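**Student:** Have a peek at data.txt (compact mmCIF, C-alpha atoms).
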# COMPACT_ATOMS: atom_id res chain seq x y z
CA MET V 24 -0.17 17.09 43.02
CA LYS V 25 -3.35 15.32 41.97
CA THR V 26 -6.00 15.86 39.32
CA GLU V 27 -9.63 15.62 40.44
CA ARG V 28 -11.52 13.45 37.96
CA LEU V 29 -14.87 15.16 37.42
CA TYR V 30 -16.11 12.54 34.96
CA TYR V 31 -16.23 10.02 37.81
CA ALA V 32 -19.10 11.93 39.39
CA ASP V 33 -20.86 13.15 36.24
CA SER V 34 -20.43 11.62 32.78
CA TYR V 35 -22.69 14.34 31.36
CA LEU V 36 -20.41 17.19 32.43
CA THR V 37 -18.90 18.79 29.32
CA GLU V 38 -17.89 22.28 30.52
CA PHE V 39 -15.80 23.05 33.59
CA ALA V 40 -13.39 25.57 35.08
CA ALA V 41 -9.88 24.54 36.14
CA VAL V 42 -6.42 25.85 36.96
CA VAL V 43 -3.28 24.85 35.04
CA LEU V 44 -1.01 23.40 37.72
CA GLU V 45 1.92 22.50 35.49
CA THR V 46 3.00 22.58 31.86
CA THR V 47 5.34 20.10 30.22
CA THR V 48 5.74 18.18 26.99
CA LEU V 49 4.94 14.67 25.80
CA ALA V 50 6.49 13.32 22.60
CA GLY V 51 7.40 16.91 21.72
CA ARG V 52 3.87 18.27 22.16
CA PRO V 53 2.73 20.76 24.84
CA VAL V 54 0.95 19.29 27.88
CA ALA V 55 -1.16 20.86 30.62
CA ILE V 56 -1.78 19.29 34.05
CA LEU V 57 -4.96 20.64 35.69
CA ASP V 58 -6.28 20.65 39.24
CA ARG V 59 -9.53 19.14 37.95
CA THR V 60 -10.79 17.81 34.64
CA ALA V 61 -13.82 16.34 32.92
CA PHE V 62 -11.65 14.92 30.12
CA TYR V 63 -11.59 11.13 30.16
CA PRO V 64 -8.14 9.63 29.41
CA THR V 65 -7.68 6.49 27.33
CA SER V 66 -8.24 3.63 29.76
CA GLY V 67 -10.03 0.29 30.15
CA GLY V 68 -10.58 -0.19 26.42
CA GLN V 69 -12.24 3.23 26.06
CA PRO V 70 -10.58 6.03 24.02
CA ASN V 71 -9.99 9.51 25.40
CA ASP V 72 -12.22 12.54 25.10
CA LEU V 73 -11.45 15.44 22.79
CA GLY V 74 -12.34 19.13 23.02
CA SER V 75 -10.59 22.32 24.10
CA LEU V 76 -8.90 24.01 27.07
CA GLY V 77 -8.93 27.80 27.10
CA GLY V 78 -9.72 27.70 23.38
CA VAL V 79 -6.73 25.41 22.65
CA GLU V 80 -7.47 22.05 21.03
CA VAL V 81 -7.07 18.97 23.23
CA MET V 82 -5.48 16.33 20.99
CA ASP V 83 -5.00 13.51 23.50
CA VAL V 84 -5.63 12.76 27.17
CA VAL V 85 -3.21 10.49 29.04
CA ASP V 86 -3.66 8.91 32.48
CA GLN V 87 -0.43 9.37 34.48
CA GLY V 88 -1.66 7.86 37.73
CA GLU V 89 -2.20 10.76 40.11
CA THR V 90 -2.49 13.29 37.30
CA ILE V 91 -3.99 13.50 33.83
CA ALA V 92 -1.98 14.96 30.96
CA HIS V 93 -3.87 17.02 28.39
CA VAL V 94 -1.88 17.01 25.14
CA LEU V 95 -2.54 20.29 23.35
CA SER V 96 -2.17 21.86 19.93
CA ALA V 97 -0.54 24.92 21.55
CA PRO V 98 0.94 25.59 25.03
CA LEU V 99 -0.91 27.12 28.00
CA GLU V 100 0.66 29.04 30.88
CA ALA V 101 0.98 27.49 34.34
CA GLY V 102 -1.15 29.19 36.98
CA THR V 103 -3.84 30.39 34.56
CA SER V 104 -7.53 29.60 34.88
CA VAL V 105 -9.09 27.93 31.86
CA THR V 106 -12.46 26.69 30.72
CA GLY V 107 -12.55 23.14 29.44
CA ARG V 108 -15.08 21.98 26.91
CA VAL V 109 -15.50 18.28 26.12
CA LEU V 110 -16.71 17.31 22.65
CA TRP V 111 -20.17 15.99 23.52
CA ASP V 112 -20.92 13.87 20.44
CA ARG V 113 -17.76 11.82 20.98
CA ARG V 114 -18.34 11.57 24.75
CA PHE V 115 -21.96 10.43 24.39
CA ASP V 116 -21.01 7.91 21.69
CA HIS V 117 -18.47 6.39 24.08
CA MET V 118 -21.06 6.39 26.88
CA GLN V 119 -23.49 4.47 24.68
CA GLN V 120 -20.89 1.93 23.58
CA HIS V 121 -19.43 1.36 27.06
CA THR V 122 -22.78 1.04 28.83
CA GLY V 123 -23.96 -1.22 26.02
CA GLN V 124 -20.90 -3.39 26.55
CA HIS V 125 -21.80 -3.91 30.21
CA ILE V 126 -25.31 -4.94 29.22
CA LEU V 127 -24.18 -7.23 26.40
CA SER V 128 -21.43 -8.87 28.44
CA GLN V 129 -23.93 -9.79 31.15
CA ALA V 130 -26.44 -11.02 28.55
CA VAL V 131 -23.84 -13.23 26.84
CA GLU V 132 -22.69 -14.62 30.17
CA ARG V 133 -26.26 -15.51 31.16
CA ALA V 134 -27.35 -16.89 27.78
CA CYS V 135 -24.11 -18.57 26.68
CA GLY V 136 -22.12 -19.11 29.85
CA ALA V 137 -19.31 -17.07 28.29
CA ARG V 138 -17.43 -14.51 30.41
CA THR V 139 -15.97 -11.34 28.92
CA VAL V 140 -12.17 -11.30 29.11
CA SER V 141 -11.46 -8.07 27.19
CA PHE V 142 -13.19 -5.06 25.65
CA HIS V 143 -12.17 -2.58 22.95
CA LEU V 144 -14.05 0.54 21.88
CA GLY V 145 -13.00 1.44 18.34
CA ASP V 146 -13.83 4.34 16.05
CA GLU V 147 -16.41 2.35 14.07
CA TYR V 148 -17.31 -0.68 16.16
CA CYS V 149 -16.61 -2.33 19.51
CA THR V 150 -15.48 -5.82 20.40
CA ILE V 151 -15.60 -8.09 23.41
CA ASP V 152 -13.66 -11.34 23.68
CA VAL V 153 -15.51 -14.04 25.61
CA ASP V 154 -13.98 -17.23 27.01
CA ARG V 155 -15.92 -19.76 24.98
CA THR V 156 -15.87 -21.13 21.46
CA PRO V 157 -17.60 -21.93 19.26
CA LEU V 158 -20.56 -19.57 19.59
CA GLY V 159 -23.18 -19.22 16.90
CA ILE V 160 -26.43 -17.47 16.06
CA ALA V 161 -28.51 -19.98 18.03
CA GLU V 162 -26.92 -18.77 21.29
CA LEU V 163 -26.04 -15.19 20.42
CA ALA V 164 -29.48 -14.20 19.12
CA PRO V 165 -31.16 -14.76 22.53
CA ALA V 166 -28.30 -12.89 24.21
CA GLU V 167 -28.74 -9.92 21.89
CA GLN V 168 -32.50 -9.97 22.46
CA ALA V 169 -32.01 -10.02 26.24
CA ALA V 170 -29.58 -7.09 26.03
CA ASN V 171 -32.07 -4.99 24.07
CA ALA V 172 -34.82 -5.90 26.53
CA VAL V 173 -32.70 -4.31 29.28
CA VAL V 174 -32.33 -1.20 27.11
CA LEU V 175 -36.10 -0.94 26.58
CA GLU V 176 -36.72 -1.40 30.31
CA ASP V 177 -34.85 1.89 30.80
CA ARG V 178 -33.15 0.76 34.00
CA SER V 179 -31.11 3.21 36.03
CA VAL V 180 -27.31 3.12 35.82
CA ASN V 181 -25.76 4.02 39.16
CA VAL V 182 -22.20 4.67 40.32
CA LEU V 183 -21.30 3.18 43.70
CA ALA V 184 -18.15 3.37 45.81
CA ALA V 185 -16.95 0.29 47.68
CA ASP V 186 -13.82 -1.21 49.18
CA ALA V 187 -12.04 -3.84 47.09
CA GLY V 188 -12.51 -6.32 49.93
CA GLU V 189 -16.26 -6.15 49.38
CA SER V 190 -16.13 -7.25 45.74
CA GLU V 191 -17.47 -10.74 46.45
CA ARG V 192 -20.35 -9.40 48.52
CA LEU V 193 -21.18 -6.89 45.80
CA GLY V 194 -21.61 -9.67 43.23
CA LEU V 195 -19.38 -8.21 40.54
CA ARG V 196 -19.70 -9.84 37.13
CA LYS V 197 -15.92 -9.95 36.82
CA ALA V 198 -13.41 -10.12 39.67
CA THR V 199 -10.99 -7.22 39.90
CA ALA V 200 -7.37 -7.08 40.98
CA ARG V 201 -7.69 -3.44 42.07
CA THR V 202 -7.10 -2.53 45.69
CA GLY V 203 -8.48 0.24 47.84
CA GLU V 204 -11.67 2.03 46.86
CA LEU V 205 -13.54 0.69 43.86
CA ARG V 206 -15.84 2.56 41.50
CA ILE V 207 -18.75 0.24 40.75
CA VAL V 208 -21.09 0.80 37.80
CA GLU V 209 -24.44 -0.81 38.57
CA ILE V 210 -27.20 -1.47 36.07
CA GLU V 211 -30.25 -1.70 38.26
CA GLY V 212 -31.08 -5.32 39.09
CA TYR V 213 -28.92 -6.63 36.26
CA ASP V 214 -25.16 -6.04 36.40
CA ARG V 215 -22.40 -4.74 38.63
CA SER V 216 -18.87 -4.12 37.36
CA ALA V 217 -15.79 -2.30 38.61
CA CYS V 218 -15.24 0.35 35.94
CA GLY V 219 -13.78 3.84 35.61
CA GLY V 220 -15.40 4.68 32.28
CA THR V 221 -18.18 7.09 31.34
CA HIS V 222 -21.71 5.68 31.16
CA CYS V 223 -25.28 6.64 30.40
CA ALA V 224 -27.57 7.44 33.36
CA ARG V 225 -30.24 5.03 32.14
CA THR V 226 -30.15 2.02 29.84
CA GLY V 227 -32.72 3.58 27.51
CA SER V 228 -30.07 6.10 26.41
CA VAL V 229 -27.88 3.27 25.11
CA GLY V 230 -30.19 2.72 22.16
CA PRO V 231 -30.23 -0.49 20.13
CA ILE V 232 -27.46 -3.05 20.64
CA LYS V 233 -26.49 -5.08 17.58
CA ILE V 234 -23.95 -7.91 17.27
CA ARG V 235 -22.55 -7.48 13.76
CA ARG V 236 -20.28 -10.52 13.48
CA TRP V 237 -18.22 -12.97 15.49
CA GLU V 238 -15.09 -15.05 14.99
CA ARG V 239 -12.94 -17.55 16.83
CA ARG V 240 -9.80 -16.15 18.46
CA GLY V 241 -7.87 -19.10 19.87
CA GLY V 242 -9.92 -20.44 22.75
CA ASP V 243 -12.11 -17.31 22.81
CA THR V 244 -14.80 -15.82 20.58
CA ARG V 245 -14.59 -12.16 19.51
CA LEU V 246 -17.95 -10.41 19.16
CA GLU V 247 -18.15 -7.21 17.13
CA PHE V 248 -21.05 -4.96 18.09
CA VAL V 249 -22.42 -1.41 17.89
CA CYS V 250 -24.81 0.53 20.10
CA GLY V 251 -27.01 3.62 19.89
CA TRP V 252 -26.38 6.02 17.03
CA ARG V 253 -23.72 3.67 15.62
CA ALA V 254 -26.31 0.89 15.41
CA LEU V 255 -28.82 3.23 13.74
CA ARG V 256 -26.23 4.36 11.18
CA ASP V 257 -25.28 0.73 10.57
CA TYR V 258 -28.96 -0.12 10.02
CA ALA V 259 -29.40 2.85 7.67
CA ARG V 260 -26.45 1.77 5.51
CA LYS V 261 -27.71 -1.80 5.31
CA HIS V 262 -31.28 -0.67 4.67
CA ASP V 263 -30.12 1.47 1.74
CA ALA V 264 -28.09 -1.46 0.37
CA VAL V 265 -31.02 -3.88 0.68
CA LYS V 266 -33.42 -1.35 -0.89
CA THR V 267 -31.07 -0.72 -3.82
CA LEU V 268 -30.49 -4.44 -4.46
CA ALA V 269 -34.20 -5.21 -4.19
CA GLU V 270 -35.04 -2.49 -6.73
CA ARG V 271 -32.35 -3.67 -9.16
CA LEU V 272 -33.48 -7.28 -8.87
CA SER V 273 -37.20 -6.40 -8.88
CA ALA V 274 -37.63 -8.32 -5.63
CA LYS V 275 -39.20 -7.77 -2.23
CA ASP V 276 -36.89 -7.19 0.72
CA SER V 277 -38.09 -10.43 2.27
CA ASP V 278 -37.27 -12.39 -0.91
CA LEU V 279 -33.85 -10.85 -1.49
CA VAL V 280 -31.73 -13.66 -0.03
CA ALA V 281 -33.47 -16.27 -2.20
CA VAL V 282 -33.33 -14.06 -5.31
CA VAL V 283 -29.63 -13.27 -4.84
CA GLY V 284 -28.92 -16.94 -4.17
CA LYS V 285 -30.58 -17.94 -7.43
CA ALA V 286 -28.73 -15.16 -9.30
CA LEU V 287 -25.41 -16.41 -7.93
CA GLU V 288 -26.22 -19.98 -8.93
CA ASP V 289 -27.19 -18.83 -12.42
CA LEU V 290 -23.91 -16.92 -12.61
CA ARG V 291 -21.95 -20.00 -11.53
CA VAL V 292 -23.63 -22.10 -14.24
CA ALA V 293 -22.96 -19.40 -16.84
CA ARG V 294 -19.31 -19.19 -15.79
CA ASP V 295 -18.94 -22.97 -16.05
CA GLU V 296 -20.48 -22.93 -19.51
CA ASN V 297 -18.29 -20.01 -20.54
CA GLU V 298 -15.18 -21.78 -19.27
CA ALA V 299 -16.09 -24.92 -21.22
CA LEU V 300 -16.58 -22.88 -24.41
CA ARG V 301 -13.34 -20.98 -23.77
CA LYS V 302 -11.45 -24.25 -23.34
CA GLU V 303 -12.93 -25.61 -26.55
CA LEU V 304 -12.02 -22.41 -28.42
CA LEU V 305 -8.43 -22.48 -27.14
CA GLU V 306 -8.07 -26.14 -28.10
CA HIS V 307 -9.35 -25.34 -31.60
CA ARG V 308 -6.94 -22.41 -31.87
CA ALA V 309 -4.03 -24.60 -30.71
CA ALA V 310 -4.89 -27.22 -33.35
CA GLU V 311 -4.83 -24.53 -36.05
CA LEU V 312 -1.47 -23.23 -34.84
CA ALA V 313 0.03 -26.71 -34.78
CA ALA V 314 -1.10 -27.28 -38.37
CA GLU V 315 0.42 -23.97 -39.45
CA GLY V 316 3.75 -24.65 -37.67
CA THR V 317 7.02 -25.64 -39.25
CA THR V 318 9.29 -28.61 -38.67
CA LEU V 319 12.53 -28.22 -36.76
CA ALA V 320 15.13 -30.99 -37.03
CA LEU V 321 17.06 -31.63 -33.83
CA ALA V 322 20.71 -32.71 -33.69
CA ASP V 323 19.64 -36.18 -32.52
CA GLY V 324 17.51 -36.68 -35.62
CA ARG V 325 14.14 -36.02 -34.03
CA ALA V 326 11.64 -33.78 -35.80
CA VAL V 327 9.85 -31.15 -33.68
CA ARG V 328 6.84 -29.03 -34.59
CA LEU V 329 7.76 -25.36 -34.12
CA VAL V 330 5.01 -22.79 -33.61
CA VAL V 331 6.10 -19.14 -33.53
CA ARG V 332 3.12 -16.75 -33.50
CA GLU V 333 1.81 -13.45 -32.26
CA LEU V 334 -1.74 -13.96 -31.00
CA SER V 335 -4.68 -11.67 -30.35
CA ILE V 336 -5.50 -12.52 -26.74
CA SER V 337 -7.79 -11.30 -23.97
CA SER V 338 -5.45 -12.30 -21.13
CA ALA V 339 -1.92 -13.51 -20.51
CA ASP V 340 -3.47 -16.68 -19.10
CA ASP V 341 -4.91 -17.50 -22.54
CA LEU V 342 -1.40 -17.34 -23.99
CA LYS V 343 -0.15 -19.79 -21.37
CA ARG V 344 -3.06 -22.17 -21.85
CA VAL V 345 -2.59 -22.29 -25.63
CA ALA V 346 1.11 -23.05 -25.13
CA GLN V 347 0.27 -25.83 -22.66
CA ILE V 348 -2.27 -27.38 -25.03
CA LEU V 349 0.21 -27.26 -27.90
CA THR V 350 2.99 -28.95 -25.91
CA SER V 351 0.81 -31.54 -24.17
CA GLY V 352 0.80 -33.91 -27.12
CA GLY V 353 3.66 -34.88 -29.48
CA ALA V 354 6.93 -33.00 -29.76
CA VAL V 355 6.15 -29.29 -30.00
CA ILE V 356 7.94 -26.05 -29.25
CA ALA V 357 5.69 -22.97 -28.87
CA LEU V 358 7.02 -19.42 -28.90
CA LEU V 359 3.94 -17.20 -28.39
CA GLY V 360 3.49 -13.48 -27.82
CA GLY V 361 0.66 -10.98 -27.52
CA VAL V 362 -0.40 -7.61 -26.11
CA VAL V 363 -2.94 -7.18 -23.29
CA GLY V 364 -3.80 -3.86 -21.69
CA GLY V 365 -0.87 -2.05 -23.25
CA ARG V 366 1.71 -4.59 -22.02
CA SER V 367 3.52 -7.25 -24.03
CA HIS V 368 3.39 -10.87 -22.85
CA PHE V 369 5.37 -13.91 -23.93
CA VAL V 370 5.08 -17.63 -23.19
CA PHE V 371 7.73 -20.08 -24.43
CA ALA V 372 7.08 -23.79 -23.90
CA GLN V 373 8.29 -27.19 -25.10
CA SER V 374 6.98 -30.72 -24.76
CA PRO V 375 8.60 -32.73 -21.93
CA GLY V 376 11.82 -34.46 -22.99
CA LEU V 377 12.95 -31.88 -25.53
CA PRO V 378 16.50 -30.56 -25.03
CA PHE V 379 16.04 -26.79 -24.83
CA ASP V 380 15.92 -24.49 -21.80
CA MET V 381 12.88 -22.28 -22.35
CA SER V 382 13.86 -19.81 -19.64
CA ARG V 383 17.17 -19.23 -21.42
CA VAL V 384 15.45 -18.86 -24.79
CA LEU V 385 12.96 -16.40 -23.27
CA ARG V 386 15.72 -14.20 -21.85
CA ALA V 387 17.30 -14.00 -25.28
CA ALA V 388 13.94 -13.05 -26.80
CA MET V 389 13.32 -10.35 -24.18
CA ALA V 390 16.56 -8.51 -25.00
CA PRO V 391 15.16 -6.42 -27.91
CA ALA V 392 12.25 -5.17 -25.76
CA GLY V 393 14.09 -4.73 -22.48
CA GLY V 394 11.66 -7.15 -20.85
CA ARG V 395 12.09 -9.67 -18.08
CA GLY V 396 10.92 -13.18 -17.40
CA GLY V 397 11.81 -16.67 -16.29
CA GLY V 398 10.49 -20.09 -15.48
CA SER V 399 11.43 -23.73 -15.89
CA ARG V 400 13.13 -25.65 -18.71
CA ASP V 401 9.77 -26.54 -20.24
CA LEU V 402 7.72 -23.39 -19.57
CA ALA V 403 8.84 -19.76 -19.24
CA GLN V 404 6.86 -16.52 -19.14
CA GLY V 405 7.85 -12.90 -19.48
CA GLY V 406 6.67 -9.41 -20.24
CA ALA V 407 7.76 -6.03 -21.42
CA PRO V 408 6.32 -2.56 -20.77
CA GLY V 409 4.26 -1.06 -23.56
CA GLU V 410 3.56 -2.67 -26.89
CA ALA V 411 6.90 -4.17 -27.83
CA ASP V 412 7.82 -5.37 -31.29
CA ILE V 413 6.41 -8.87 -30.80
CA THR V 414 7.72 -10.07 -34.17
CA ALA V 415 11.28 -9.00 -33.34
CA CYS V 416 11.16 -10.69 -29.94
CA LEU V 417 9.79 -13.92 -31.36
CA GLY V 418 12.46 -13.80 -34.05
CA ALA V 419 15.14 -13.44 -31.39
CA GLY V 420 13.67 -16.43 -29.59
CA LYS V 421 13.68 -18.54 -32.73
CA LEU V 422 17.29 -17.55 -33.42
CA ALA V 423 18.24 -18.57 -29.87
CA LEU V 424 16.69 -21.98 -30.52
CA THR V 425 18.73 -22.42 -33.68
CA ASP V 426 21.95 -21.43 -31.89
CA LEU V 427 21.22 -23.78 -29.01
CA GLY V 428 20.25 -26.57 -31.35
Turn this file's structure into structure tokens for me.

**Tutor:**
Amino acid sequence: MKTERLYYADSYLTEFAAVVLETTTLAGRPVAILDRTAFYPTSGGQPNDLGSLGGVEVMDVVDQGETIAHVLSAPLEAGTSVTGRVLWDRRFDHMQQHTGQHILSQAVERACGARTVSFHLGDEYCTIDVDRTPLGIAELAPAEQAANAVVLEDRSVNVLAADAGESERLGLRKATARTGELRIVEIEGYDRSACGGTHCARTGSVGPIKIRRWERRGGDTRLEFVCGWRALRDYARKHDAVKTLAERLSAKDSDLVAVVGKALEDLRVARDENEALRKELLEHRAAELAAEGTTLALADGRAVRLVVRELSISSADDLKRVAQILTSGGAVIALLGGVVGGRSHFVFAQSPGLPFDMSRVLRAAMAPAGGRGGGSRDLAQGGAPGEADITACLGAGKLALTDLG
């Protein structure tokens, strides 16, 4: 039993008649094996076709060697004749991407001396891995331009049959380990590759080829690209984004990079200035708190400044920074709390060399609110859901200090 692969002869065939030779299951789903099919199975980096058989949805197409399994949404009966319909938009998209990959791979090899080692056709973009790194815009831009020149030349794309022993004579771009008869896809006067995928009949149908980005992958470089309608949709999205930004910034498209660059630099300067002012404000607030604190006498006779306060804060980080400022000079213990975004936050800190364990004190303080926290001997942080009774928690913390002292 063998399935005739109609897509080998005609990538544009989307409707065909066939007989169901066998029915089975795959991963619990019904499967039909046909005498002939135009449905392309996942293979060679290209995803499978979708469509219908006898009005039943084709959900997956799997190459099983001699036969092709059509995974269906509902079972068909063996021995029945069915009409298959391949979803054309998906098929043509794959034809554009795969033919474009052949063109681009040859262009990159000629311009950059980088051979394609793998190809993947994804739902949104395609990738090829080439055996050279680094590669940059100086080399890839001419390769992309050469690829699009081949598209605009509207060269014919032909399918040839040859014996594997003739591969060297045929001048294939990439050697193949296949044996027996080979299916060769030839781009007139430009590229020859052993390939079983579906392709456009002429390069003009591929449409624009655009390399979107590239990155190093070990000793290779991965190129992400799109062709045809994908490239046009990609351009449309980026055009809309550029147009919107240009309008908001009252700039020309051609000036947008410079205008955005200046805006980002202005933002960086403003952030630096804001951070400096914020630091100054926190230092001033810490000085006020220290002055308002009380004195705590330790068992060893030392006097410690104790600051226990609920603060109005914009972030939990502010609470921590105030505590750090307070305990950075002299002998100070800071028990601070505040509410941000409907959650209670606490920071307990002491100057280095003081005898308390702030994480232990914090756990005692968290008990009334059912909160959690931890940290080191000198700095501990915690929180509690909702707006806890900050005063009660701070009081519990102060009591824990007295008991420990």

**Student:** Scan for residues within 7 Å of the point (-20.2, 5.0, 30.3) in the coordinates of the file, using all atoms listed in the file, and reply as a count of residues only.

**Tutor:** 9

**Student:** Quick one: residues within 7 Å of (-25.6, 1.0, 41.4) (file frame), counting all atoms listed in the file, please, as a count of residues only.

**Tutor:** 9

**Student:** Quick one: everything within 9 Å of region 107-111 of chain V, counting all atoms listed in the file, minus sequence neighbours fewer than 2 positions away in the same chain. Send it as a VMD selection string.

**Tutor:** chain V and resid 35 to 41 60 to 62 72 to 78 81 105 113 to 116

**Student:** How many Å lie between CA of Lys25 (chain V) and CA of Glu204 (chain V), rounded to one decimal?

**Tutor:**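 Spanning CA of Lys25 (chain V) to CA of Glu204 (chain V) is a straight-line distance of 16.4 Å.
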
**Student:** Counting all atoms listed in the file, which of V:Gly324, V:Gly159, V:Pro391, V:Gly376 gets nearest to Thr244 (chain V)?

**Tutor:**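 Closest to Thr244 (chain V) of all the choices is V:Gly159.
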
**Student:** If you count all atoms listed in the file, which residues fall within 12 Å of Arg325 (chain V), apart from same-chain ones fewer than 2 positions away, as JSON, numbers by chain?

**Tutor:** {"V": [318, 319, 320, 321, 322, 323, 327, 328, 353, 354, 355, 376, 377, 378, 428]}

**Student:** May I ask which of the residues V:Val43, V:Ile234, V:Leu300, V:Ile151 is the closest one to Leu57 (chain V), counting all atoms listed in the file?

**Tutor:**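 Of all the options, V:Val43 lies closest to Leu57 (chain V).
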
**Student:** Measuring atom to atom with all atoms listed in the file, identify which of V:Lys275, V:Arg215, V:Arg294, V:His368 is nearest to Ala392 (chain V).

**Tutor:**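 Closest candidate: V:His368.
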
**Student:** Please compute the CA of Leu342 (chain V)-CA of Glu298 (chain V) distance, one decimal, in Å.

**Tutor:**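 That distance, rounded to one decimal, is 15.2 Å.
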
**Student:** Nearest to Ile91 (chain V) among V:Ser273, V:Arg28, V:Ile356, V:Thr103, with distances taken over all atoms listed in the file: which residue is it?

**Tutor:**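 Closest to Ile91 (chain V), using all atoms listed in the file: V:Arg28.
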
**Student:** Point out the residue among V:Val229, V:Leu144, V:Met381, V:Val84 with the least atom-to-atom distance to Pro64 (chain V), counting all atoms listed in the file.

**Tutor:**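 With all atoms listed in the file as the atom set, the closest residue is V:Val84.
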
**Student:** CA of Gln168 (chain V) and CA of Gly212 (chain V), how far apart in Å?

**Tutor:** 17.3 Å

**Student:** Out of V:Arg366, V:Ala217, V:Ala423, V:Tyr31, which residue has the shortest atom-to-atom distance to Glu189 (chain V) when counting all atoms listed in the file?

**Tutor:**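 The answer is V:Ala217, which sits nearest to Glu189 (chain V).
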
**Student:** Could N, CA and C atoms be built for region 122-136 of chain V and written out as a short mmCIF file (atom, residue, chain, number, x, y, z; two decimals), in the coordinates of the input?

**Tutor:**
data_model
loop_
_atom_site.label_atom_id
_atom_site.label_comp_id
_atom_site.auth_asym_id
_atom_site.auth_seq_id
_atom_site.Cartn_x
_atom_site.Cartn_y
_atom_site.Cartn_z
N THR V 122 -21.65 1.56 28.07
CA THR V 122 -22.78 1.04 28.83
C THR V 122 -23.39 -0.17 28.12
N GLY V 123 -23.46 -0.09 26.80
CA GLY V 123 -23.96 -1.22 26.02
C GLY V 123 -23.11 -2.45 26.19
N GLN V 124 -21.79 -2.24 26.34
CA GLN V 124 -20.90 -3.39 26.55
C GLN V 124 -21.20 -4.08 27.87
N HIS V 125 -21.45 -3.31 28.92
CA HIS V 125 -21.80 -3.91 30.21
C HIS V 125 -23.06 -4.77 30.08
N ILE V 126 -24.05 -4.22 29.39
CA ILE V 126 -25.31 -4.94 29.22
C ILE V 126 -25.10 -6.21 28.41
N LEU V 127 -24.39 -6.08 27.29
CA LEU V 127 -24.18 -7.23 26.40
C LEU V 127 -23.33 -8.29 27.06
N SER V 128 -22.29 -7.89 27.77
CA SER V 128 -21.43 -8.87 28.44
C SER V 128 -22.23 -9.70 29.44
N GLN V 129 -23.10 -9.06 30.20
CA GLN V 129 -23.93 -9.79 31.15
C GLN V 129 -24.91 -10.70 30.42
N ALA V 130 -25.48 -10.22 29.32
CA ALA V 130 -26.44 -11.02 28.55
C ALA V 130 -25.78 -12.26 27.96
N VAL V 131 -24.56 -12.10 27.42
CA VAL V 131 -23.84 -13.23 26.84
C VAL V 131 -23.44 -14.22 27.92
N GLU V 132 -23.06 -13.71 29.07
CA GLU V 132 -22.69 -14.62 30.17
C GLU V 132 -23.90 -15.44 30.62
N ARG V 133 -25.06 -14.80 30.71
CA ARG V 133 -26.26 -15.51 31.16
C ARG V 133 -26.78 -16.48 30.11
N ALA V 134 -26.77 -16.06 28.84
CA ALA V 134 -27.35 -16.89 27.78
C ALA V 134 -26.39 -17.97 27.29
N CYS V 135 -25.09 -17.67 27.30
CA CYS V 135 -24.11 -18.57 26.68
C CYS V 135 -23.10 -19.14 27.67
N GLY V 136 -23.12 -18.65 28.90
CA GLY V 136 -22.12 -19.11 29.85
C GLY V 136 -20.72 -18.68 29.48
#
